[in-house]
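J.: Okay, so here is run.txt, and as you'll see once you scroll down, it has compact mmCIF, C-alpha atoms.
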# COMPACT_ATOMS: atom_id res chain seq x y z
CA ASP A 1 -3.48 47.36 -36.47
CA THR A 2 -2.34 49.55 -33.60
CA ALA A 3 0.94 48.34 -32.12
CA VAL A 4 0.78 50.15 -28.76
CA SER A 5 -2.54 51.59 -27.69
CA GLN A 6 -3.48 53.71 -24.70
CA THR A 7 -6.80 54.76 -23.24
CA PRO A 8 -7.99 57.35 -22.72
CA LYS A 9 -6.29 59.78 -25.10
CA TYR A 10 -7.42 62.78 -23.06
CA LEU A 11 -8.17 62.91 -19.36
CA VAL A 12 -9.39 66.03 -17.59
CA THR A 13 -10.00 65.71 -13.88
CA GLN A 14 -9.94 67.63 -10.63
CA MET A 15 -7.31 67.66 -7.94
CA GLY A 16 -7.68 64.87 -5.43
CA ASN A 17 -9.32 62.43 -7.82
CA ASP A 18 -7.99 58.95 -8.67
CA LYS A 19 -7.59 57.93 -12.30
CA SER A 20 -6.18 55.09 -14.38
CA ILE A 21 -4.57 54.89 -17.80
CA LYS A 22 -4.49 51.62 -19.70
CA CYS A 23 -1.91 50.40 -22.18
CA GLU A 24 -1.82 47.39 -24.45
CA GLN A 25 0.73 46.22 -27.00
CA ASN A 26 0.21 43.57 -29.67
CA LEU A 27 3.85 43.34 -30.74
CA GLY A 28 4.69 40.36 -28.54
CA HIS A 29 7.24 42.45 -26.67
CA ASP A 30 8.50 41.44 -23.24
CA THR A 31 9.19 44.89 -21.81
CA MET A 32 6.83 47.80 -21.26
CA TYR A 33 7.39 51.31 -19.93
CA TRP A 34 5.63 54.39 -18.65
CA TYR A 35 7.07 57.81 -19.45
CA LYS A 36 5.99 61.30 -18.41
CA GLN A 37 6.49 64.18 -20.84
CA ASP A 38 6.13 67.62 -19.35
CA SER A 39 5.20 70.89 -21.02
CA LYS A 40 8.84 71.46 -22.02
CA LYS A 41 8.82 68.08 -23.80
CA PHE A 42 11.22 66.53 -21.30
CA LEU A 43 10.61 62.78 -21.48
CA LYS A 44 11.31 60.92 -18.26
CA ILE A 45 10.96 57.23 -17.51
CA MET A 46 8.73 56.32 -14.59
CA PHE A 47 8.46 52.53 -14.58
CA SER A 48 9.41 49.50 -16.60
CA TYR A 49 8.17 45.93 -16.49
CA ASN A 50 9.76 42.88 -18.04
CA ASN A 51 7.49 39.86 -18.31
CA LYS A 52 5.22 41.31 -15.61
CA GLU A 53 8.14 41.97 -13.26
CA LEU A 54 8.93 45.53 -12.19
CA ILE A 55 12.52 46.29 -13.22
CA ILE A 56 12.66 50.09 -13.20
CA ASN A 57 10.99 52.24 -10.59
CA GLU A 58 12.33 55.76 -10.82
CA THR A 59 11.81 58.46 -8.24
CA VAL A 60 8.08 58.80 -8.64
CA PRO A 61 5.57 59.69 -5.90
CA ASN A 62 3.98 56.57 -4.49
CA ARG A 63 0.64 57.98 -5.61
CA PHE A 64 1.60 56.41 -8.94
CA SER A 65 1.19 52.66 -9.06
CA PRO A 66 1.77 50.54 -12.16
CA LYS A 67 0.20 47.14 -12.68
CA SER A 68 0.99 44.54 -15.31
CA PRO A 69 -1.65 41.81 -15.43
CA ASP A 70 0.19 40.14 -18.32
CA LYS A 71 3.11 41.03 -20.54
CA ALA A 72 0.86 42.68 -23.14
CA HIS A 73 -0.70 45.13 -20.67
CA LEU A 74 0.67 47.79 -18.37
CA ASN A 75 -1.69 50.10 -16.55
CA LEU A 76 -0.98 53.20 -14.50
CA HIS A 77 -3.10 54.22 -11.55
CA ILE A 78 -2.72 57.65 -10.01
CA ASN A 79 -4.16 58.51 -6.61
CA SER A 80 -4.92 61.96 -5.21
CA LEU A 81 -4.08 63.80 -8.41
CA GLU A 82 -2.17 67.07 -8.12
CA LEU A 83 -1.79 70.02 -10.49
CA GLY A 84 1.83 69.01 -11.15
CA ASP A 85 0.69 65.68 -12.53
CA SER A 86 -0.60 67.44 -15.64
CA ALA A 87 1.49 66.09 -18.51
CA VAL A 88 1.40 63.64 -21.39
CA TYR A 89 1.92 60.05 -20.29
CA PHE A 90 3.35 57.65 -22.83
CA CYS A 91 3.36 53.90 -22.70
CA ALA A 92 6.07 52.11 -24.69
CA SER A 93 7.29 48.60 -25.33
CA SER A 94 10.42 46.87 -26.57
CA GLN A 95 11.54 43.35 -27.33
CA GLY A 96 13.26 41.38 -24.62
CA GLY A 97 16.89 40.41 -24.79
CA GLY A 98 18.18 43.89 -24.15
CA ARG A 99 16.67 45.67 -27.15
CA GLU A 100 15.50 48.59 -25.07
CA TRP A 101 17.18 51.00 -27.50
CA GLU A 102 14.25 50.58 -29.89
CA GLN A 103 11.01 51.38 -28.14
CA TYR A 104 7.55 51.65 -29.64
CA PHE A 105 5.43 54.35 -28.10
CA GLY A 106 1.70 54.59 -27.72
CA PRO A 107 -0.16 57.75 -28.79
CA GLY A 108 -0.02 59.25 -25.31
CA THR A 109 -2.58 60.27 -22.72
CA ARG A 110 -2.84 63.99 -22.11
CA LEU A 111 -3.74 64.41 -18.45
CA THR A 112 -4.99 67.79 -17.27
CA VAL A 113 -5.58 68.30 -13.56
CA THR A 114 -7.68 71.33 -12.63
CA GLY B 115 24.20 60.95 -12.64
CA GLN B 116 23.36 61.32 -16.29
CA SER B 117 23.24 64.40 -18.47
CA LEU B 118 22.61 64.95 -22.16
CA GLU B 119 22.94 68.17 -24.07
CA GLN B 120 21.48 68.98 -27.44
CA PRO B 121 20.53 72.32 -29.02
CA SER B 122 17.02 73.44 -28.22
CA GLU B 123 16.23 74.69 -31.72
CA VAL B 124 17.54 74.33 -35.25
CA THR B 125 16.16 75.96 -38.40
CA ALA B 126 16.97 75.00 -42.00
CA VAL B 127 15.44 75.25 -45.45
CA GLU B 128 13.99 72.52 -47.60
CA GLY B 129 16.61 70.50 -49.42
CA ALA B 130 19.37 71.45 -47.00
CA ILE B 131 21.40 69.25 -44.65
CA VAL B 132 21.21 69.70 -40.89
CA GLN B 133 23.19 68.12 -38.07
CA ILE B 134 21.83 67.81 -34.53
CA ASN B 135 24.52 67.23 -31.95
CA CYS B 136 24.26 65.40 -28.67
CA THR B 137 26.84 65.21 -25.90
CA TYR B 138 26.33 62.99 -22.91
CA GLN B 139 27.69 62.07 -19.52
CA THR B 140 26.70 58.78 -17.99
CA SER B 141 28.08 55.64 -16.42
CA GLY B 142 27.49 52.20 -17.87
CA PHE B 143 27.00 53.52 -21.40
CA TYR B 144 25.78 51.02 -24.00
CA GLY B 145 24.73 53.18 -26.93
CA LEU B 146 22.88 56.20 -28.30
CA SER B 147 19.40 56.21 -29.82
CA TRP B 148 17.57 58.91 -31.76
CA TYR B 149 13.83 59.49 -31.79
CA GLN B 150 11.57 61.82 -33.76
CA GLN B 151 8.42 63.36 -32.34
CA HIS B 152 5.95 65.47 -34.29
CA ASP B 153 3.79 67.94 -32.39
CA GLY B 154 0.97 66.07 -30.71
CA GLY B 155 2.43 62.72 -31.69
CA ALA B 156 4.40 59.93 -30.12
CA PRO B 157 8.18 59.52 -30.24
CA THR B 158 9.26 57.17 -33.03
CA PHE B 159 12.57 55.36 -33.24
CA LEU B 160 15.03 56.52 -35.90
CA SER B 161 18.40 54.92 -35.23
CA TYR B 162 20.79 53.40 -32.72
CA ASN B 163 24.58 53.43 -32.45
CA ALA B 164 26.38 51.08 -30.11
CA LEU B 165 29.78 51.35 -31.79
CA ASP B 166 31.78 54.28 -33.10
CA GLY B 167 31.00 55.37 -36.61
CA LEU B 168 28.21 56.29 -38.94
CA GLU B 169 24.92 54.43 -39.43
CA GLU B 170 22.87 55.37 -42.47
CA THR B 171 19.15 54.86 -42.90
CA GLY B 172 17.85 56.59 -46.01
CA ARG B 173 18.05 60.36 -45.63
CA PHE B 174 18.98 60.05 -41.97
CA SER B 175 22.39 59.11 -40.59
CA SER B 176 23.61 58.87 -37.01
CA PHE B 177 27.14 59.04 -35.71
CA LEU B 178 28.75 58.08 -32.43
CA SER B 179 32.14 58.72 -30.88
CA ARG B 180 32.33 56.92 -27.55
CA SER B 181 35.70 58.42 -26.68
CA ASP B 182 34.26 61.93 -27.06
CA SER B 183 30.86 61.06 -25.50
CA TYR B 184 29.34 62.65 -28.56
CA GLY B 185 26.92 61.78 -31.30
CA TYR B 186 24.91 63.48 -33.98
CA LEU B 187 21.93 62.96 -36.23
CA LEU B 188 22.34 64.08 -39.82
CA LEU B 189 19.27 64.80 -41.89
CA GLN B 190 19.78 65.22 -45.62
CA GLU B 191 17.49 66.56 -48.36
CA LEU B 192 15.27 68.15 -45.74
CA GLN B 193 11.54 68.04 -46.31
CA MET B 194 8.79 70.03 -44.64
CA LYS B 195 7.59 66.85 -42.94
CA ASP B 196 10.92 66.64 -41.10
CA SER B 197 9.83 69.56 -38.91
CA ALA B 198 9.62 67.87 -35.51
CA SER B 199 11.47 67.43 -32.23
CA TYR B 200 14.46 65.11 -32.25
CA PHE B 201 15.65 63.41 -29.07
CA CYS B 202 18.90 61.68 -28.37
CA ALA B 203 18.74 59.02 -25.69
CA VAL B 204 21.54 57.14 -24.00
CA ARG B 205 21.15 53.48 -23.29
CA ASP B 206 22.66 53.00 -19.87
CA ARG B 207 22.04 51.35 -16.52
CA THR B 208 19.84 52.49 -13.69
CA SER B 209 21.12 52.39 -10.14
CA GLY B 210 19.34 49.04 -9.90
CA SER B 211 21.34 47.68 -12.87
CA ALA B 212 18.44 47.53 -15.32
CA ARG B 213 19.12 48.92 -18.78
CA GLN B 214 17.09 51.95 -19.78
CA LEU B 215 16.92 54.90 -22.13
CA THR B 216 17.56 58.35 -20.72
CA PHE B 217 16.30 61.05 -23.06
CA GLY B 218 17.76 64.45 -23.82
CA SER B 219 15.58 67.55 -23.76
CA GLY B 220 15.00 67.47 -27.51
CA THR B 221 15.84 69.69 -30.48
CA GLN B 222 13.00 71.42 -32.28
CA LEU B 223 13.77 71.35 -36.01
CA THR B 224 11.91 73.80 -38.20
CA VAL B 225 12.17 73.33 -41.96
CA LEU B 226 11.36 76.46 -43.97
CA PRO B 227 10.16 76.42 -47.58
Output the structure of this file as structure tokens.

T.:
Amino acid sequence: DTAVSQTPKYLVTQMGNDKSIKCEQNLGHDTMYWYKQDSKKFLKIMFSYNNKELIINETVPNRFSPKSPDKAHLNLHINSLELGDSAVYFCASSQGGGREWEQYFGPGTRLTVT
Amino acid sequence: GQSLEQPSEVTAVEGAIVQINCTYQTSGFYGLSWYQQHDGGAPTFLSYNALDGLEETGRFSSFLSRSDSYGYLLLQELQMKDSASYFCAVRDRTSGSARQLTFGSGTQLTVLP
């Protein structure tokens, strides 16, 4: 059973398009995250939700909009894609109660903008 | 702001011991985590230190010195499958007071036969 799953695994699209990435976790965790990993493997947090409430919103262009319909799902919608958005996007989750030191990552979505 | 420093690359041979260091600067520090990431894979949690000292988990150990803002990951009896990137990550607070992990840039470990 997959703990944290993301779809799609690969996404190739053209500049200016709008795309979404979906994430689901079946661990019963309260907190979910979106990270961006660039070509140099630098892993940077973008957003975090705790029980559907946005708790971390780092300096990210407002073209990126997260949505958490319930605590098991966290989706990422990206408008007007740009070349610089090409990266691997990871979803992650952790238990509530401040256990954010141990996060479980999904397999990643490799986004390529042409 | 926050900053973490770790070596970009480390090379060792099978069976050896390797230490990956991490120094950090941050406010509101709670602890230091370590993650492993194989090429094309997802980061996976290895260990966490909130207090000074050594934590051992099988062949891997992690150390923290809060007074020195320093930690390390020790890998013993290296195996080929240990070739991966290793990230230290500080558990600290955002400007909005939420706790988060801030990751270092990663150390690429290559294990040679």

J.: Which polymer residues have any atom within 10 Å of an atom of Glu170 in chain B, counting only C-alpha atoms, with same-chain residues fewer than 5 positions away left out, as a ChimeraX atom specification?

T.: /B:161,175-177,187-188

J.: Taking only C-alpha atoms into account, produce a table as a tab-separated table in which each residue of chain B with an atom at most 12 Å from an atom of chain A appears once, together with its shortest atom pair and the distance in Å to one decimal, ordered by chain and rising number.

T.:
residue	atom	partner	partner_atom	distance
B:Leu118	CA	A:Phe42	CA	11.5
B:Ser122	CA	A:Lys40	CA	10.5
B:Phe143	CA	A:Trp101	CA	11.8
B:Tyr144	CA	A:Trp101	CA	9.3
B:Gly145	CA	A:Trp101	CA	7.9
B:Leu146	CA	A:Trp101	CA	7.8
B:Ser147	CA	A:Trp101	CA	6.1
B:Trp148	CA	A:Trp101	CA	9.0
B:Tyr149	CA	A:Glu102	CA	9.1
B:Gln150	CA	A:Phe105	CA	11.2
B:Gln151	CA	A:Lys41	CA	9.8
B:His152	CA	A:Lys41	CA	11.2
B:Asp153	CA	A:Lys41	CA	10.0
B:Gly154	CA	A:Pro107	CA	8.6
B:Gly155	CA	A:Pro107	CA	6.3
B:Ala156	CA	A:Pro107	CA	5.2
B:Pro157	CA	A:Phe105	CA	6.2
B:Thr158	CA	A:Tyr104	CA	6.7
B:Phe159	CA	A:Glu102	CA	6.1
B:Leu160	CA	A:Glu102	CA	8.5
B:Ser161	CA	A:Glu102	CA	8.0
B:Tyr162	CA	A:Trp101	CA	6.8
B:Asn163	CA	A:Trp101	CA	9.2
B:Ala164	CA	A:Trp101	CA	9.6
B:Ala198	CA	A:Lys41	CA	11.7
B:Ser199	CA	A:Lys41	CA	8.9
B:Tyr200	CA	A:Lys41	CA	10.6
B:Phe201	CA	A:Leu43	CA	9.1
B:Cys202	CA	A:Leu43	CA	10.8
B:Ala203	CA	A:Trp101	CA	8.4
B:Val204	CA	A:Trp101	CA	8.3
B:Arg205	CA	A:Trp101	CA	6.3
B:Asp206	CA	A:Trp101	CA	9.6
B:Arg207	CA	A:Ile56	CA	10.0
B:Thr208	CA	A:Ile56	CA	7.6
B:Ser209	CA	A:Ile56	CA	9.3
B:Gly210	CA	A:Ile56	CA	7.5
B:Ser211	CA	A:Ile55	CA	8.9
B:Ala212	CA	A:Ile55	CA	6.4
B:Arg213	CA	A:Glu100	CA	7.3
B:Gln214	CA	A:Glu100	CA	6.5
B:Leu215	CA	A:Trp101	CA	6.6
B:Thr216	CA	A:Lys44	CA	7.2
B:Phe217	CA	A:Leu43	CA	6.2
B:Gly218	CA	A:Phe42	CA	7.3
B:Ser219	CA	A:Phe42	CA	5.1
B:Gly220	CA	A:Lys41	CA	7.2
B:Thr221	CA	A:Lys41	CA	9.8
B:Gln222	CA	A:Lys41	CA	10.0

J.: Between A:Leu81, A:Ala87, A:Ser65, A:Thr112, which residue has the minimum interatomic distance to Met15 in chain A, considering only C-alpha atoms?

T.: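 Ranked by minimum distance to Met15 in chain A, first place goes to A:Leu81.
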
J.: Could you tell me how far CA of Ile78 in chain A sits from CA of Leu27 in chain A, in Å to one decimal place?

T.: 26.0 Å

J.: Enter the distance from CA of Met194 in chain B to CA of Pro121 in chain B, in Å, rounded to one decimal.

T.: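 Between CA of Met194 in chain B and CA of Pro121 in chain B the gap is 19.7 Å.
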
J.: Which residue, A:Pro66, A:Gly84, A:Pro61, A:Pro8, has the smallest gap to Ile21 in chain A when you use only C-alpha atoms?

T.: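 Of A:Pro66, A:Gly84, A:Pro61, A:Pro8, the one nearest Ile21 in chain A is A:Pro8, counting only C-alpha atoms.
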
J.: Please indicate the distance in Å from CA of Tyr10 in chain A to CA of Leu74 in chain A, rounded to one decimal place.

T.: 17.7 Å

J.: Let me make sure I understand: among A:Lys22, A:Gly28, A:Thr7, A:Gln95, which one has the smallest atom-to-atom distance to Ser68 in chain A if we use all atoms listed in the file?

T.: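 Selected residue with least distance to Ser68 in chain A: A:Lys22.
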
J.: Could you name the residues that touch Ser86 in chain A at 12 Å or less, counting all atoms listed in the file, but leaving out those on the same chain fewer than 6 positions away, as a VMD selection string?

T.: chain A and resid 10 to 15 36 to 39 78 109 to 114

J.: Just the residues within 8 Å of Leu178 in chain B, please, counting all atoms listed in the file, with nothing from its chain fewer than 5 positions along; format it as a ChimeraX atom specification.

T.: /B:146,163-168,183-186

J.: Pick from A:Lys71, A:His29, A:Lys9, A:His77: nearest to Glu53 in chain A, with all atoms listed in the file counted?

T.: A:Lys71

J.: From the list B:Asn135, B:Thr125, B:Glu169, B:Gln116, which residue is nearest Ser197 in chain B when using only C-alpha atoms?

T.: B:Thr125

J.: Any chance you could export range 6-20 of chain A with all heavy atoms, as a compact mmCIF listing (two decimals), in the first residue's frame?

T.:
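The resulting decode.txt:
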# COMPACT_ATOMS: atom_id res chain seq x y z
N GLN A 6 1.30 10.52 -5.52
CA GLN A 6 1.16 11.75 -6.30
C GLN A 6 0.83 11.36 -7.73
O GLN A 6 1.33 10.38 -8.26
CB GLN A 6 2.47 12.54 -6.35
CG GLN A 6 2.94 13.12 -5.09
CD GLN A 6 4.26 13.86 -5.24
OE1 GLN A 6 5.17 13.62 -4.46
NE2 GLN A 6 4.37 14.76 -6.22
N THR A 7 0.02 12.19 -8.36
CA THR A 7 -0.24 12.03 -9.79
C THR A 7 -0.27 13.40 -10.45
O THR A 7 -0.78 14.37 -9.87
CB THR A 7 -1.59 11.34 -10.04
OG1 THR A 7 -2.63 12.06 -9.34
CG2 THR A 7 -1.57 9.90 -9.59
N PRO A 8 0.29 13.51 -11.65
CA PRO A 8 1.01 12.46 -12.38
C PRO A 8 2.45 12.35 -11.91
O PRO A 8 2.92 13.20 -11.16
CB PRO A 8 0.94 12.97 -13.83
CG PRO A 8 0.97 14.46 -13.68
CD PRO A 8 0.19 14.76 -12.43
N LYS A 9 3.17 11.35 -12.36
CA LYS A 9 4.58 11.21 -12.04
C LYS A 9 5.43 12.11 -12.95
O LYS A 9 6.46 12.62 -12.54
CB LYS A 9 5.02 9.76 -12.18
CG LYS A 9 6.43 9.50 -11.66
CD LYS A 9 6.68 8.01 -11.49
CE LYS A 9 8.12 7.75 -11.08
NZ LYS A 9 8.46 8.37 -9.79
N TYR A 10 5.00 12.23 -14.19
CA TYR A 10 5.68 13.10 -15.14
C TYR A 10 4.65 14.05 -15.76
O TYR A 10 3.52 13.64 -16.04
CB TYR A 10 6.36 12.30 -16.25
CG TYR A 10 7.41 11.35 -15.77
CD1 TYR A 10 7.10 10.01 -15.54
CD2 TYR A 10 8.70 11.79 -15.53
CE1 TYR A 10 8.07 9.13 -15.09
CE2 TYR A 10 9.68 10.91 -15.08
CZ TYR A 10 9.36 9.59 -14.86
OH TYR A 10 10.32 8.72 -14.42
N LEU A 11 5.08 15.27 -15.98
CA LEU A 11 4.19 16.27 -16.57
C LEU A 11 5.02 17.14 -17.50
O LEU A 11 5.94 17.83 -17.04
CB LEU A 11 3.56 17.10 -15.46
CG LEU A 11 2.44 18.07 -15.77
CD1 LEU A 11 1.33 17.42 -16.57
CD2 LEU A 11 1.90 18.64 -14.46
N VAL A 12 4.73 17.06 -18.77
CA VAL A 12 5.41 17.89 -19.76
C VAL A 12 4.38 18.80 -20.39
O VAL A 12 3.34 18.34 -20.88
CB VAL A 12 6.08 17.03 -20.86
CG1 VAL A 12 6.82 17.95 -21.85
CG2 VAL A 12 7.05 16.04 -20.25
N THR A 13 4.64 20.10 -20.35
CA THR A 13 3.64 21.05 -20.82
C THR A 13 4.33 22.29 -21.37
O THR A 13 5.53 22.49 -21.18
CB THR A 13 2.68 21.41 -19.68
OG1 THR A 13 1.59 22.19 -20.18
CG2 THR A 13 3.41 22.19 -18.59
N GLN A 14 3.56 23.12 -22.01
CA GLN A 14 4.13 24.34 -22.61
C GLN A 14 3.93 25.54 -21.70
O GLN A 14 3.01 25.57 -20.86
CB GLN A 14 3.46 24.59 -23.97
CG GLN A 14 3.84 23.55 -25.02
CD GLN A 14 3.25 23.88 -26.39
OE1 GLN A 14 2.18 24.48 -26.49
NE2 GLN A 14 3.95 23.49 -27.44
N MET A 15 4.78 26.51 -21.90
CA MET A 15 4.66 27.77 -21.17
C MET A 15 3.26 28.34 -21.33
O MET A 15 2.67 28.25 -22.42
CB MET A 15 5.66 28.78 -21.72
CG MET A 15 7.08 28.57 -21.29
SD MET A 15 8.20 29.73 -22.12
CE MET A 15 7.46 31.30 -21.74
N GLY A 16 2.75 28.91 -20.25
CA GLY A 16 1.45 29.56 -20.30
C GLY A 16 0.29 28.66 -19.93
O GLY A 16 -0.80 29.15 -19.64
N ASN A 17 0.53 27.34 -19.94
CA ASN A 17 -0.55 26.42 -19.59
C ASN A 17 -0.80 26.40 -18.08
O ASN A 17 0.03 26.85 -17.29
CB ASN A 17 -0.22 25.00 -20.06
CG ASN A 17 -0.40 24.85 -21.56
OD1 ASN A 17 -0.97 25.72 -22.22
ND2 ASN A 17 0.09 23.75 -22.10
N ASP A 18 -1.95 25.84 -17.70
CA ASP A 18 -2.30 25.64 -16.29
C ASP A 18 -2.32 24.14 -16.04
O ASP A 18 -2.88 23.38 -16.84
CB ASP A 18 -3.69 26.21 -15.99
CG ASP A 18 -3.82 27.68 -16.32
OD1 ASP A 18 -2.78 28.36 -16.39
OD2 ASP A 18 -4.97 28.14 -16.50
N LYS A 19 -1.74 23.72 -14.93
CA LYS A 19 -1.72 22.29 -14.61
C LYS A 19 -1.92 22.08 -13.12
O LYS A 19 -1.68 22.97 -12.31
CB LYS A 19 -0.37 21.67 -15.02
CG LYS A 19 -0.15 21.57 -16.51
CD LYS A 19 -1.11 20.60 -17.16
CE LYS A 19 -0.92 20.56 -18.66
NZ LYS A 19 -1.94 19.72 -19.33
N SER A 20 -2.33 20.85 -12.78
CA SER A 20 -2.53 20.48 -11.38
C SER A 20 -1.79 19.19 -11.06
O SER A 20 -1.64 18.31 -11.92
CB SER A 20 -4.02 20.28 -11.07
OG SER A 20 -4.70 21.50 -11.13
